[in-house]
>>> print(open('start12.pdb').read())   # PDB, C-alpha atoms and all ligand atoms
ATOM      1  CA  MET A   5     -19.241  -2.716  -6.842
ATOM      2  CA  SER A   6     -21.690  -1.583  -4.178
ATOM      3  CA  SER A   7     -21.037  -2.061  -0.472
ATOM      4  CA  SER A   8     -21.615  -5.579   0.827
ATOM      5  CA  ALA A   9     -22.133  -6.751   4.410
ATOM      6  CA  ALA A  10     -18.526  -7.893   4.858
ATOM      7  CA  PRO A  11     -15.979  -5.218   3.905
ATOM      8  CA  ILE A  12     -13.745  -7.702   2.099
ATOM      9  CA  HIS A  13     -11.881  -4.953   0.250
ATOM     10  CA  GLY A  14     -11.285  -2.963   3.438
ATOM     11  CA  ASN A  15     -14.236  -0.880   2.253
ATOM     12  CA  TYR A  16     -15.133   0.249   5.721
ATOM     13  CA  HIS A  17     -17.792   2.870   6.214
ATOM     14  CA  GLY A  18     -17.100   5.381   8.949
ATOM     15  CA  TYR A  19     -13.372   4.548   8.659
ATOM     16  CA  TYR A  20     -12.349   8.070   9.579
ATOM     17  CA  ALA A  21     -14.330   7.956  12.785
ATOM     18  CA  LYS A  22     -11.808   5.299  13.872
ATOM     19  CA  ARG A  23      -8.511   6.794  12.801
ATOM     20  CA  PRO A  24      -7.333  10.413  13.087
ATOM     21  CA  SER A  25      -8.113  12.049   9.823
ATOM     22  CA  VAL A  26      -8.131  15.833   9.968
ATOM     23  CA  ASN A  27      -4.426  16.685   9.664
ATOM     24  CA  ASP A  28      -3.720  13.048   8.914
ATOM     25  CA  PRO A  29      -0.459  12.124  10.728
ATOM     26  CA  ARG A  30       0.663  10.009   7.770
ATOM     27  CA  LEU A  31       0.801  13.114   5.603
ATOM     28  CA  GLU A  32       2.802  14.909   8.265
ATOM     29  CA  LEU A  33       5.600  12.338   7.824
ATOM     30  CA  LEU A  34       6.230  13.584   4.284
ATOM     31  CA  PRO A  35       8.798  16.263   3.487
ATOM     32  CA  PRO A  36       7.108  19.697   3.425
ATOM     33  CA  GLY A  37       5.931  20.673  -0.045
ATOM     34  CA  THR A  38       5.747  17.086  -1.318
ATOM     35  CA  PHE A  39       2.343  17.648  -2.956
ATOM     36  CA  LYS A  40       2.770  21.263  -4.041
ATOM     37  CA  GLY A  41       1.808  21.655  -7.702
ATOM     38  CA  LYS A  42       1.601  17.854  -8.155
ATOM     39  CA  CYS A  43      -0.922  15.523  -9.779
ATOM     40  CA  VAL A  44      -1.854  12.851  -7.263
ATOM     41  CA  LEU A  45      -3.715   9.546  -7.456
ATOM     42  CA  ASP A  46      -5.105   8.257  -4.134
ATOM     43  CA  VAL A  47      -5.804   4.534  -4.644
ATOM     44  CA  GLY A  48      -8.408   3.265  -2.186
ATOM     45  CA  CYS A  49      -9.553   6.756  -1.244
ATOM     46  CA  ASN A  50     -12.456   5.454   0.864
ATOM     47  CA  GLU A  51     -14.607   8.460   1.912
ATOM     48  CA  GLY A  52     -12.110  10.924   0.470
ATOM     49  CA  TRP A  53     -10.752  12.517   3.622
ATOM     50  CA  VAL A  54      -7.078  12.163   2.693
ATOM     51  CA  SER A  55      -7.705  13.205  -0.930
ATOM     52  CA  CYS A  56      -9.547  16.335   0.230
ATOM     53  CA  GLU A  57      -6.837  17.229   2.733
ATOM     54  CA  ILE A  58      -4.113  16.980   0.090
ATOM     55  CA  ALA A  59      -6.176  19.026  -2.357
ATOM     56  CA  GLN A  60      -7.114  21.712   0.147
ATOM     57  CA  SER A  61      -4.115  22.073   2.451
ATOM     58  CA  HIS A  62      -1.071  20.634   0.662
ATOM     59  CA  GLY A  63      -1.139  22.687  -2.531
ATOM     60  CA  ALA A  64      -1.749  19.798  -4.935
ATOM     61  CA  LEU A  65      -2.570  20.832  -8.482
ATOM     62  CA  LYS A  66      -4.936  17.920  -8.966
ATOM     63  CA  VAL A  67      -6.015  14.951  -6.841
ATOM     64  CA  VAL A  68      -7.967  11.952  -8.109
ATOM     65  CA  GLY A  69      -9.344   9.522  -5.553
ATOM     66  CA  VAL A  70     -10.380   6.085  -6.750
ATOM     67  CA  ASP A  71     -12.192   3.403  -4.804
ATOM     68  CA  ILE A  72     -13.725   0.043  -5.651
ATOM     69  CA  ASP A  73     -16.837   0.757  -3.560
ATOM     70  CA  ASP A  74     -19.242   3.161  -5.242
ATOM     71  CA  SER A  75     -21.043   4.024  -2.000
ATOM     72  CA  LEU A  76     -17.709   5.207  -0.556
ATOM     73  CA  VAL A  77     -17.029   7.257  -3.665
ATOM     74  CA  ARG A  78     -20.408   8.942  -3.282
ATOM     75  CA  ALA A  79     -19.500   9.663   0.345
ATOM     76  CA  ALA A  80     -16.196  11.126  -0.883
ATOM     77  CA  TRP A  81     -18.057  13.592  -3.129
ATOM     78  CA  ARG A  82     -20.167  14.570  -0.087
ATOM     79  CA  ARG A  83     -16.981  14.979   1.973
ATOM     80  CA  ARG A  84     -15.623  17.349  -0.697
ATOM     81  CA  ARG A  85     -18.720  19.517  -0.322
ATOM     82  CA  THR A  86     -18.557  19.386   3.494
ATOM     83  CA  VAL A  87     -14.899  20.437   3.549
ATOM     84  CA  TRP A  88     -15.638  23.228   1.082
ATOM     85  CA  SER A  89     -18.539  24.426   3.260
ATOM     86  CA  ALA A  90     -16.272  24.756   6.310
ATOM     87  CA  GLN A  91     -13.564  26.629   4.395
ATOM     88  CA  GLY A  92     -13.182  30.327   5.198
ATOM     89  CA  PRO A  93     -13.385  33.126   2.653
ATOM     90  CA  PRO A  94     -10.187  33.916   0.720
ATOM     91  CA  SER A  95      -7.876  36.197   2.669
ATOM     92  CA  GLU A  96      -7.542  39.797   1.492
ATOM     93  CA  ASP A  97      -5.024  40.069  -1.314
ATOM     94  CA  ALA A  98      -3.609  43.515  -0.574
ATOM     95  CA  GLU A  99      -1.026  43.636  -3.356
ATOM     96  CA  PRO A 100      -2.327  43.884  -6.925
ATOM     97  CA  ALA A 101      -1.558  40.657  -8.777
ATOM     98  CA  THR A 102       0.105  40.742 -12.164
ATOM     99  CA  THR A 103      -1.039  38.236 -14.781
ATOM    100  CA  THR A 104       2.008  36.054 -14.135
ATOM    101  CA  THR A 105       1.578  35.991 -10.358
ATOM    102  CA  ARG A 106      -2.222  35.745 -10.298
ATOM    103  CA  LYS A 107      -2.367  31.953 -10.380
ATOM    104  CA  ARG A 108       0.167  31.584  -7.567
ATOM    105  CA  LYS A 109      -1.590  34.226  -5.481
ATOM    106  CA  ARG A 110      -4.930  32.469  -5.885
ATOM    107  CA  MET A 111      -3.392  29.357  -4.362
ATOM    108  CA  GLU A 112      -1.875  31.353  -1.507
ATOM    109  CA  THR A 113      -5.093  33.211  -0.699
ATOM    110  CA  ALA A 114      -7.371  30.152  -0.534
ATOM    111  CA  GLY A 115      -9.593  30.221   2.542
ATOM    112  CA  GLU A 116      -8.654  28.706   5.879
ATOM    113  CA  PRO A 117      -9.843  25.092   6.459
ATOM    114  CA  ASP A 118     -12.323  24.510   9.306
ATOM    115  CA  TYR A 119     -13.191  28.213   9.443
ATOM    116  CA  PHE A 120     -16.941  27.602   9.820
ATOM    117  CA  PRO A 121     -18.138  25.081  12.410
ATOM    118  CA  ALA A 122     -19.570  21.777  11.135
ATOM    119  CA  SER A 123     -22.918  22.829  12.644
ATOM    120  CA  CYS A 124     -23.320  25.463   9.875
ATOM    121  CA  ALA A 125     -23.518  22.844   7.123
ATOM    122  CA  HIS A 126     -25.584  20.543   9.380
ATOM    123  CA  SER A 127     -28.157  23.256  10.050
ATOM    124  CA  HIS A 128     -28.252  25.018   6.697
ATOM    125  CA  GLY A 129     -26.958  22.406   4.243
ATOM    126  CA  PRO A 130     -23.666  22.495   2.383
ATOM    127  CA  LEU A 131     -22.661  25.604   0.473
ATOM    128  CA  PRO A 132     -22.898  25.614  -3.311
ATOM    129  CA  ILE A 133     -19.566  25.406  -5.092
ATOM    130  CA  PRO A 134     -19.069  28.384  -7.395
ATOM    131  CA  PRO A 135     -17.168  28.049 -10.673
ATOM    132  CA  SER A 136     -13.483  28.745 -10.179
ATOM    133  CA  SER A 137     -10.019  27.794 -11.383
ATOM    134  CA  PRO A 138      -9.407  24.052 -11.789
ATOM    135  CA  GLU A 139      -6.346  24.208  -9.524
ATOM    136  CA  LEU A 140      -8.305  25.655  -6.604
ATOM    137  CA  PHE A 141     -10.027  23.516  -3.980
ATOM    138  CA  PRO A 142     -12.511  21.924  -4.367
ATOM    139  CA  HIS A 143     -12.208  21.915  -8.169
ATOM    140  CA  ASN A 144      -8.805  20.252  -7.918
ATOM    141  CA  VAL A 145     -10.183  17.041  -6.382
ATOM    142  CA  SER A 146     -12.444  14.440  -7.976
ATOM    143  CA  PHE A 147     -13.393  10.835  -7.390
ATOM    144  CA  ARG A 148     -13.972   7.734  -9.468
ATOM    145  CA  THR A 149     -15.285   4.261  -8.835
ATOM    146  CA  ALA A 150     -13.027   1.514 -10.188
ATOM    147  CA  ASP A 151     -11.190  -1.629  -9.217
ATOM    148  CA  TRP A 152      -7.955   0.168  -9.979
ATOM    149  CA  VAL A 153      -5.868  -3.006 -10.008
ATOM    150  CA  ASN A 154      -7.800  -4.286 -12.992
ATOM    151  CA  ASP A 155      -9.419  -1.231 -14.567
ATOM    152  CA  ALA A 156      -7.802   1.992 -15.723
ATOM    153  CA  ILE A 157      -9.447   5.367 -15.210
ATOM    154  CA  PRO A 158      -9.192   8.155 -17.836
ATOM    155  CA  GLU A 159      -6.679  10.217 -15.799
ATOM    156  CA  ASP A 160      -4.183   7.315 -15.893
ATOM    157  CA  ALA A 161      -3.449   8.093 -19.523
ATOM    158  CA  ILE A 162      -1.843  11.420 -18.536
ATOM    159  CA  GLY A 163      -0.071   9.934 -15.516
ATOM    160  CA  TYR A 164       0.692  11.213 -12.027
ATOM    161  CA  ASP A 165       3.542  12.730 -10.042
ATOM    162  CA  ILE A 166       2.479  10.864  -6.904
ATOM    163  CA  VAL A 167       0.498   7.681  -6.234
ATOM    164  CA  LEU A 168      -0.738   7.083  -2.696
ATOM    165  CA  GLY A 169      -1.470   3.568  -1.480
ATOM    166  CA  PHE A 170      -2.486   3.954   2.139
ATOM    167  CA  SER A 171      -3.712   0.782   3.892
ATOM    168  CA  ILE A 172      -4.646  -1.016   0.710
ATOM    169  CA  THR A 173      -1.945  -3.602  -0.113
ATOM    170  CA  LYS A 174      -3.424  -6.232   2.225
ATOM    171  CA  TRP A 175      -6.841  -5.962   0.608
ATOM    172  CA  ILE A 176      -5.486  -6.234  -2.913
ATOM    173  CA  HIS A 177      -3.311  -9.172  -1.844
ATOM    174  CA  LEU A 178      -6.096 -11.047  -0.036
ATOM    175  CA  ASN A 179      -8.616 -10.560  -2.828
ATOM    176  CA  GLY A 180      -6.448 -11.254  -5.842
ATOM    177  CA  GLY A 181      -3.449 -13.144  -4.500
ATOM    178  CA  ASP A 182       0.206 -12.556  -5.372
ATOM    179  CA  ALA A 183      -0.732 -11.899  -9.005
ATOM    180  CA  ALA A 184      -2.964  -8.955  -8.068
ATOM    181  CA  LEU A 185      -0.248  -7.419  -5.924
ATOM    182  CA  ARG A 186       2.243  -7.680  -8.792
ATOM    183  CA  THR A 187      -0.330  -6.157 -11.161
ATOM    184  CA  PHE A 188      -0.950  -3.312  -8.717
ATOM    185  CA  PHE A 189       2.757  -2.482  -8.441
ATOM    186  CA  THR A 190       3.209  -2.695 -12.211
ATOM    187  CA  ARG A 191       0.253  -0.344 -12.718
ATOM    188  CA  VAL A 192       1.702   2.110 -10.184
ATOM    189  CA  ALA A 193       5.046   2.121 -12.023
ATOM    190  CA  THR A 194       3.284   2.579 -15.374
ATOM    191  CA  VAL A 195       1.230   5.624 -14.370
ATOM    192  CA  LEU A 196       4.046   7.403 -12.496
ATOM    193  CA  GLN A 197       6.169   9.979 -14.285
ATOM    194  CA  PRO A 198       9.946   9.412 -13.994
ATOM    195  CA  GLY A 199      10.969  10.888 -10.650
ATOM    196  CA  GLY A 200       7.413  10.401  -9.388
ATOM    197  CA  LEU A 201       6.669   9.052  -5.925
ATOM    198  CA  PHE A 202       4.817   5.993  -4.690
ATOM    199  CA  ILE A 203       3.888   6.560  -1.063
ATOM    200  CA  VAL A 204       2.651   3.370   0.522
ATOM    201  CA  GLU A 205       1.490   2.353   3.981
ATOM    202  CA  PRO A 206       1.750  -1.449   3.906
ATOM    203  CA  GLN A 207      -0.157  -3.512   6.432
ATOM    204  CA  ALA A 208       1.884  -6.069   8.366
ATOM    205  CA  TRP A 209       1.602  -9.772   7.506
ATOM    206  CA  GLU A 210       0.294 -10.527  11.023
ATOM    207  CA  THR A 211      -2.811  -8.431  10.311
ATOM    208  CA  TYR A 212      -3.835 -10.670   7.367
ATOM    209  CA  ARG A 213      -4.942 -13.268   9.873
ATOM    210  CA  ASN A 214      -7.884 -11.279  11.210
ATOM    211  CA  ALA A 215      -8.812  -9.832   7.833
ATOM    212  CA  LYS A 216      -9.176 -13.179   6.107
ATOM    213  CA  ARG A 217     -11.546 -14.427   8.818
ATOM    214  CA  MET A 218     -14.354 -12.364   7.376
ATOM    215  CA  ASP A 219     -14.716 -14.370   4.161
ATOM    216  CA  LYS A 220     -14.140 -17.916   2.912
ATOM    217  CA  ARG A 221     -12.736 -16.737  -0.415
ATOM    218  CA  LEU A 222     -10.162 -14.567   1.331
ATOM    219  CA  ARG A 223      -9.103 -17.552   3.455
ATOM    220  CA  GLU A 224      -8.642 -19.670   0.333
ATOM    221  CA  THR A 225      -6.633 -16.957  -1.421
ATOM    222  CA  ALA A 226      -4.493 -16.464   1.684
ATOM    223  CA  GLN A 227      -3.450 -20.119   1.601
ATOM    224  CA  GLY A 228      -1.775 -19.590  -1.764
ATOM    225  CA  LEU A 229       0.143 -16.420  -0.884
ATOM    226  CA  ALA A 230       3.907 -16.711  -1.252
ATOM    227  CA  LEU A 231       4.705 -12.989  -1.131
ATOM    228  CA  ARG A 232       5.035 -11.055   2.120
ATOM    229  CA  PRO A 233       5.128  -7.304   2.848
ATOM    230  CA  ASP A 234       8.916  -7.632   3.338
ATOM    231  CA  ASP A 235       9.107  -8.538  -0.365
ATOM    232  CA  PHE A 236       7.573  -5.242  -1.495
ATOM    233  CA  PRO A 237      10.909  -3.382  -2.017
ATOM    234  CA  GLN A 238      12.153  -6.194  -4.278
ATOM    235  CA  LEU A 239       8.851  -6.358  -6.202
ATOM    236  CA  LEU A 240       8.853  -2.603  -6.708
ATOM    237  CA  ALA A 241      12.502  -2.650  -7.802
ATOM    238  CA  GLU A 242      11.521  -5.172 -10.488
ATOM    239  CA  VAL A 243       9.035  -2.674 -11.953
ATOM    240  CA  GLY A 244      11.463   0.264 -11.894
ATOM    241  CA  LEU A 245      11.137   1.937  -8.515
ATOM    242  CA  GLY A 246      14.172   2.774  -6.383
ATOM    243  CA  GLU A 247      15.028   1.823  -2.814
ATOM    244  CA  PRO A 248      12.317   2.958  -0.382
ATOM    245  CA  VAL A 249      12.790   5.631   2.228
ATOM    246  CA  ARG A 250      10.995   4.764   5.448
ATOM    247  CA  LEU A 251       9.445   8.048   6.543
ATOM    248  CA  GLY A 252       8.339   6.793   9.937
ATOM    249  CA  SER A 253       5.495   4.952  11.603
ATOM    250  CA  VAL A 254       2.365   6.568  12.965
ATOM    251  CA  GLY A 255      -1.121   5.646  14.126
ATOM    252  CA  GLU A 256      -2.788   4.439  17.261
ATOM    253  CA  GLY A 257      -3.136   0.765  18.237
ATOM    254  CA  GLY A 258      -3.753  -1.459  15.208
ATOM    255  CA  PHE A 259      -3.317   1.521  12.921
ATOM    256  CA  HIS A 260       0.358   1.928  13.865
ATOM    257  CA  ARG A 261       2.040   1.325  10.505
ATOM    258  CA  PRO A 262       5.055   2.471   8.529
ATOM    259  CA  VAL A 263       4.903   4.831   5.591
ATOM    260  CA  ASP A 264       7.423   4.192   2.785
ATOM    261  CA  MET A 265       8.298   6.391  -0.162
ATOM    262  CA  TYR A 266       9.604   4.986  -3.458
ATOM    263  CA  THR A 267      10.851   7.008  -6.424
ATOM    264  CA  LYS A 268      10.249   5.943 -10.023
ATOM    265  CA  LEU A 269      13.660   5.702 -11.680
TER     266      LEU A 269
HETATM  267  C1  LIG B 301      -8.650   0.300   4.698
HETATM  268  S1  LIG B 301      -9.256   1.427   3.533
HETATM  269  C2  LIG B 301      -7.998   2.671   3.512
HETATM  270  C3  LIG B 301      -8.550   4.032   3.113
HETATM  271  C4  LIG B 301      -7.517   5.122   2.864
HETATM  272  N1  LIG B 301      -6.592   4.760   1.811
HETATM  273  C5  LIG B 301      -6.765   5.463   4.116
HETATM  274  O1  LIG B 301      -5.798   4.776   4.458
HETATM  275  O2  LIG B 301      -7.132   6.433   4.792
HETATM  276  C6  LIG B 301      -8.928   0.574   1.990
HETATM  277  C7  LIG B 301      -9.709   1.160   0.834
HETATM  278  O3  LIG B 301      -9.242   0.592  -0.392
HETATM  279  C8  LIG B 301     -10.358   0.343  -1.234
HETATM  280  N2  LIG B 301      -9.951  -0.677  -2.219
HETATM  281  C9  LIG B 301      -9.607  -1.965  -1.981
HETATM  282  N3  LIG B 301      -9.279  -2.602  -3.106
HETATM  283  C10 LIG B 301      -9.387  -1.678  -4.113
HETATM  284  C11 LIG B 301      -9.172  -1.719  -5.524
HETATM  285  N4  LIG B 301      -8.788  -2.841  -6.134
HETATM  286  N5  LIG B 301      -9.364  -0.582  -6.242
HETATM  287  C12 LIG B 301      -9.768   0.553  -5.631
HETATM  288  N6  LIG B 301     -10.003   0.647  -4.299
HETATM  289  C13 LIG B 301      -9.814  -0.446  -3.549
HETATM  290  C14 LIG B 301     -11.444  -0.077  -0.273
HETATM  291  O4  LIG B 301     -12.737   0.018  -0.805
HETATM  292  C15 LIG B 301     -11.185   0.852   0.904
HETATM  293  O5  LIG B 301     -11.942   2.028   0.823
END
>>> encode(input="start12.pdb", output="structure tokens")
Amino acid sequence: MSSSAAPIHGNYHGYYAKRPSVNDPRLELLPPGTFKGKCVLDVGCNEGWVSCEIAQSHGALKVVGVDIDDSLVRAAWRRRRTVWSAQGPPSEDAEPATTTTRKRKRMETAGEPDYFPASCAHSHGPLPIPPSSPELFPHNVSFRTADWVNDAIPEDAIGYDIVLGFSITKWIHLNGGDAALRTFFTRVATVLQPGGLFIVEPQAWETYRNAKRMDKRLRETAQGLALRPDDFPQLLAEVGLGEPVRLGSVGEGGFHRPVDMYTKL
């Protein structure tokens, strides 16, 4: 899909100009170390800011961002390069690394984020990305275009430790109805390893009202919706996820939403 005039999938451009995004407060709700060494799928990654932050600053082994809108996915690849260009040089590794500790040390000595001002990349262009270890930023983050509710991506076959679904349930629900929401939750349960986490930021039912105004098809779908966000714990239990833990609610104004964490049983 390419971007259309009405962002009927929540495929907003410039989304991160509207909500705080560097040191995303939603990620700060999670227990420290949640992403360390984990394989993560970010469904509805938009322009890739959250995916890049997890890959660069939260120690994830691998992050895959997927979005239905190809123009956003292209912006996410650009974001990856921008974030890389602002990253500082690796800190001095004074102690000699043994073979067994080398990998861990590489992760610990990755450069500081936001070390170079954004004006550097603006004036001189983004820095080239040299070959390096796949677990090091930015090699540990990649993006794909797909309607993930209906189409698998190659990485799904291996599975993930964590699936993120930030601010996406409303758009899946309004576009595909109750059936699409059930399919989404089933797909999440299928790709998660046992013990894996589904971290979701559901939008409140009251916010569907404004969203459906933008398109006749969304209004028609909305008329047939029987499920509500309050039903999500029950729906996720049916596909094998445990009781959610509500981590808190963050965000300014209309972006003030809860973040829930489910564990695959
Ligand atoms: C409101 S934005 C949220 C962006 C990001 N998750 C965040 O919260 O920072 C919703 C994103 O989900 C994407 N999206 C909606 N339906 C999708 C689907 N079926 N598959 C993949 N991406 C989808 C949209 O294109 C949009 O970028």
>>> closest_residue(input="start12.pdb", among="A:Leu33, A:Ala184, A:Ala241, A:Leu65", to="ligand LIG 301 (chain B)", atoms="only C-alpha atoms and all ligand atoms")
A:Ala184
>>> residues_near_ligand(input="start12.pdb", ligand="ligand LIG 301 (chain B)", cutoff="9 Å", atoms="only C-alpha atoms and all ligand atoms", output="short mmCIF file (atom, residue, chain, number, x, y, z; two decimals) with C-alpha atoms, in the coordinates of the input")
data_model
loop_
_atom_site.label_atom_id
_atom_site.label_comp_id
_atom_site.auth_asym_id
_atom_site.auth_seq_id
_atom_site.Cartn_x
_atom_site.Cartn_y
_atom_site.Cartn_z
CA SER A 7 -21.04 -2.06 -0.47
CA PRO A 11 -15.98 -5.22 3.90
CA ILE A 12 -13.74 -7.70 2.10
CA HIS A 13 -11.88 -4.95 0.25
CA GLY A 14 -11.28 -2.96 3.44
CA ASN A 15 -14.24 -0.88 2.25
CA TYR A 16 -15.13 0.25 5.72
CA HIS A 17 -17.79 2.87 6.21
CA TYR A 19 -13.37 4.55 8.66
CA TYR A 20 -12.35 8.07 9.58
CA ARG A 23 -8.51 6.79 12.80
CA SER A 25 -8.11 12.05 9.82
CA ASP A 28 -3.72 13.05 8.91
CA ARG A 30 0.66 10.01 7.77
CA ASP A 46 -5.11 8.26 -4.13
CA VAL A 47 -5.80 4.53 -4.64
CA GLY A 48 -8.41 3.26 -2.19
CA CYS A 49 -9.55 6.76 -1.24
CA ASN A 50 -12.46 5.45 0.86
CA GLU A 51 -14.61 8.46 1.91
CA GLY A 52 -12.11 10.92 0.47
CA TRP A 53 -10.75 12.52 3.62
CA VAL A 54 -7.08 12.16 2.69
CA SER A 55 -7.70 13.20 -0.93
CA GLY A 69 -9.34 9.52 -5.55
CA VAL A 70 -10.38 6.08 -6.75
CA ASP A 71 -12.19 3.40 -4.80
CA ILE A 72 -13.72 0.04 -5.65
CA ASP A 73 -16.84 0.76 -3.56
CA ASP A 74 -19.24 3.16 -5.24
CA LEU A 76 -17.71 5.21 -0.56
CA VAL A 77 -17.03 7.26 -3.66
CA THR A 149 -15.28 4.26 -8.84
CA ALA A 150 -13.03 1.51 -10.19
CA ASP A 151 -11.19 -1.63 -9.22
CA TRP A 152 -7.96 0.17 -9.98
CA VAL A 153 -5.87 -3.01 -10.01
CA ASN A 154 -7.80 -4.29 -12.99
CA ASP A 155 -9.42 -1.23 -14.57
CA LEU A 168 -0.74 7.08 -2.70
CA GLY A 169 -1.47 3.57 -1.48
CA PHE A 170 -2.49 3.95 2.14
CA SER A 171 -3.71 0.78 3.89
CA ILE A 172 -4.65 -1.02 0.71
CA THR A 173 -1.94 -3.60 -0.11
CA LYS A 174 -3.42 -6.23 2.22
CA TRP A 175 -6.84 -5.96 0.61
CA ILE A 176 -5.49 -6.23 -2.91
CA HIS A 177 -3.31 -9.17 -1.84
CA ASN A 179 -8.62 -10.56 -2.83
CA GLY A 180 -6.45 -11.25 -5.84
CA ALA A 184 -2.96 -8.96 -8.07
CA PHE A 188 -0.95 -3.31 -8.72
CA GLU A 205 1.49 2.35 3.98
#
>>> axis_aligned_box(input="start12.pdb", around="region 36-51 of chain A", padding_each_side="3 Å", output="lines of an AutoDock Vina configuration file")
center_x = -3.7
center_y = 12.5
center_z = -3.2
size_x = 27.7
size_y = 24.4
size_z = 19.2
>>> residues_around(input="start12.pdb", residues="Trp209 (chain A)", least_positions_apart="6", cutoff="12 Å", atoms="only C-alpha atoms", output="PyMOL selection string")
chain A and resi 173-175+177-178+215-216+226+229-236+261
>>> write_last_selection(input="start12.pdb", atoms="C-alpha atoms", output="compact mmCIF listing (two decimals), in the coordinates of the input")
# COMPACT_ATOMS: atom_id res chain seq x y z
CA THR A 173 -1.94 -3.60 -0.11
CA LYS A 174 -3.42 -6.23 2.22
CA TRP A 175 -6.84 -5.96 0.61
CA HIS A 177 -3.31 -9.17 -1.84
CA LEU A 178 -6.10 -11.05 -0.04
CA ALA A 215 -8.81 -9.83 7.83
CA LYS A 216 -9.18 -13.18 6.11
CA ALA A 226 -4.49 -16.46 1.68
CA LEU A 229 0.14 -16.42 -0.88
CA ALA A 230 3.91 -16.71 -1.25
CA LEU A 231 4.70 -12.99 -1.13
CA ARG A 232 5.04 -11.06 2.12
CA PRO A 233 5.13 -7.30 2.85
CA ASP A 234 8.92 -7.63 3.34
CA ASP A 235 9.11 -8.54 -0.36
CA PHE A 236 7.57 -5.24 -1.50
CA ARG A 261 2.04 1.32 10.50
>>> residues_around(input="start12.pdb", residues="region 119-128 of chain A", least_positions_apart="3", cutoff="6 Å", atoms="all atoms listed in the file", output="list in words")
Ala90, Gln91, Gly92 and Glu116 of chain A
>>> resolve_selection(input="start12.pdb", expression="the PyMOL selection byres (((chain A and resi 130) around 7) and not hetatm)", output="mmCIF file with C-alpha atoms, keeping the file's coordinate frame")
data_model
loop_
_atom_site.group_PDB
_atom_site.id
_atom_site.type_symbol
_atom_site.label_atom_id
_atom_site.label_comp_id
_atom_site.auth_asym_id
_atom_site.auth_seq_id
_atom_site.Cartn_x
_atom_site.Cartn_y
_atom_site.Cartn_z
ATOM 1 C CA ARG A 85 -18.720 19.517 -0.322
ATOM 2 C CA THR A 86 -18.557 19.386 3.494
ATOM 3 C CA SER A 89 -18.539 24.426 3.260
ATOM 4 C CA ALA A 125 -23.518 22.844 7.123
ATOM 5 C CA HIS A 128 -28.252 25.018 6.697
ATOM 6 C CA GLY A 129 -26.958 22.406 4.243
ATOM 7 C CA LEU A 131 -22.661 25.604 0.473
ATOM 8 C CA PRO A 132 -22.898 25.614 -3.311
#
>>> resolve_selection(input="start12.pdb", expression="the PyMOL selection byres (((chain A and resi 41) around 8) and not hetatm)", output="PyMOL selection string")
chain A and resi 39-40+42-43+63-66
>>> write_last_selection(input="start12.pdb", atoms="C-alpha atoms", output="PDB file, in the coordinates of the input")
ATOM      1  CA  PHE A  39       2.343  17.648  -2.956  1.00  0.00           C
ATOM      2  CA  LYS A  40       2.770  21.263  -4.041  1.00  0.00           C
ATOM      3  CA  LYS A  42       1.601  17.854  -8.155  1.00  0.00           C
ATOM      4  CA  CYS A  43      -0.922  15.523  -9.779  1.00  0.00           C
ATOM      5  CA  GLY A  63      -1.139  22.687  -2.531  1.00  0.00           C
ATOM      6  CA  ALA A  64      -1.749  19.798  -4.935  1.00  0.00           C
ATOM      7  CA  LEU A  65      -2.570  20.832  -8.482  1.00  0.00           C
ATOM      8  CA  LYS A  66      -4.936  17.920  -8.966  1.00  0.00           C
TER       9      LYS A  66
END
>>> closest_residue(input="start12.pdb", among="A:Thr194, A:Ser146, A:Ser253, A:Thr225", to="Asp165 (chain A)", atoms="all atoms listed in the file")
A:Thr194
>>> atom_distance(input="start12.pdb", atom1="CA of Asp219 (chain A)", atom2="CA of Gly181 (chain A)")
14.3 Å
>>> resolve_selection(input="start12.pdb", expression="the PyMOL selection byres (((chain A and resi 247) around 8) and not hetatm)", output="list in words")
Pro237, Ala241, Leu245, Gly246, Pro248, Val249, Tyr266 and Thr267 of chain A
>>> build_atoms(input="start12.pdb", residues="region 184-189 of chain A", atoms="N, CA, C and O atoms", output="PDB file, in the coordinates of the input")
ATOM      1  N   ALA A 184      -2.336 -10.280  -8.135  1.00  0.00           N
ATOM      2  CA  ALA A 184      -2.964  -8.955  -8.068  1.00  0.00           C
ATOM      3  C   ALA A 184      -1.991  -7.925  -7.491  1.00  0.00           C
ATOM      4  O   ALA A 184      -1.939  -6.779  -7.952  1.00  0.00           O
ATOM      5  N   LEU A 185      -1.218  -8.344  -6.512  1.00  0.00           N
ATOM      6  CA  LEU A 185      -0.248  -7.419  -5.924  1.00  0.00           C
ATOM      7  C   LEU A 185       0.798  -7.011  -6.964  1.00  0.00           C
ATOM      8  O   LEU A 185       1.146  -5.833  -7.095  1.00  0.00           O
ATOM      9  N   ARG A 186       1.270  -7.983  -7.730  1.00  0.00           N
ATOM     10  CA  ARG A 186       2.243  -7.680  -8.792  1.00  0.00           C
ATOM     11  C   ARG A 186       1.618  -6.747  -9.833  1.00  0.00           C
ATOM     12  O   ARG A 186       2.265  -5.818 -10.313  1.00  0.00           O
ATOM     13  N   THR A 187       0.354  -7.019 -10.183  1.00  0.00           N
ATOM     14  CA  THR A 187      -0.330  -6.157 -11.161  1.00  0.00           C
ATOM     15  C   THR A 187      -0.446  -4.737 -10.616  1.00  0.00           C
ATOM     16  O   THR A 187      -0.215  -3.753 -11.335  1.00  0.00           O
ATOM     17  N   PHE A 188      -0.807  -4.637  -9.341  1.00  0.00           N
ATOM     18  CA  PHE A 188      -0.950  -3.312  -8.717  1.00  0.00           C
ATOM     19  C   PHE A 188       0.372  -2.547  -8.815  1.00  0.00           C
ATOM     20  O   PHE A 188       0.403  -1.391  -9.270  1.00  0.00           O
ATOM     21  N   PHE A 189       1.471  -3.179  -8.434  1.00  0.00           N
ATOM     22  CA  PHE A 189       2.757  -2.482  -8.441  1.00  0.00           C
ATOM     23  C   PHE A 189       3.179  -2.121  -9.876  1.00  0.00           C
ATOM     24  O   PHE A 189       3.746  -1.052 -10.109  1.00  0.00           O
TER      25      PHE A 189
END
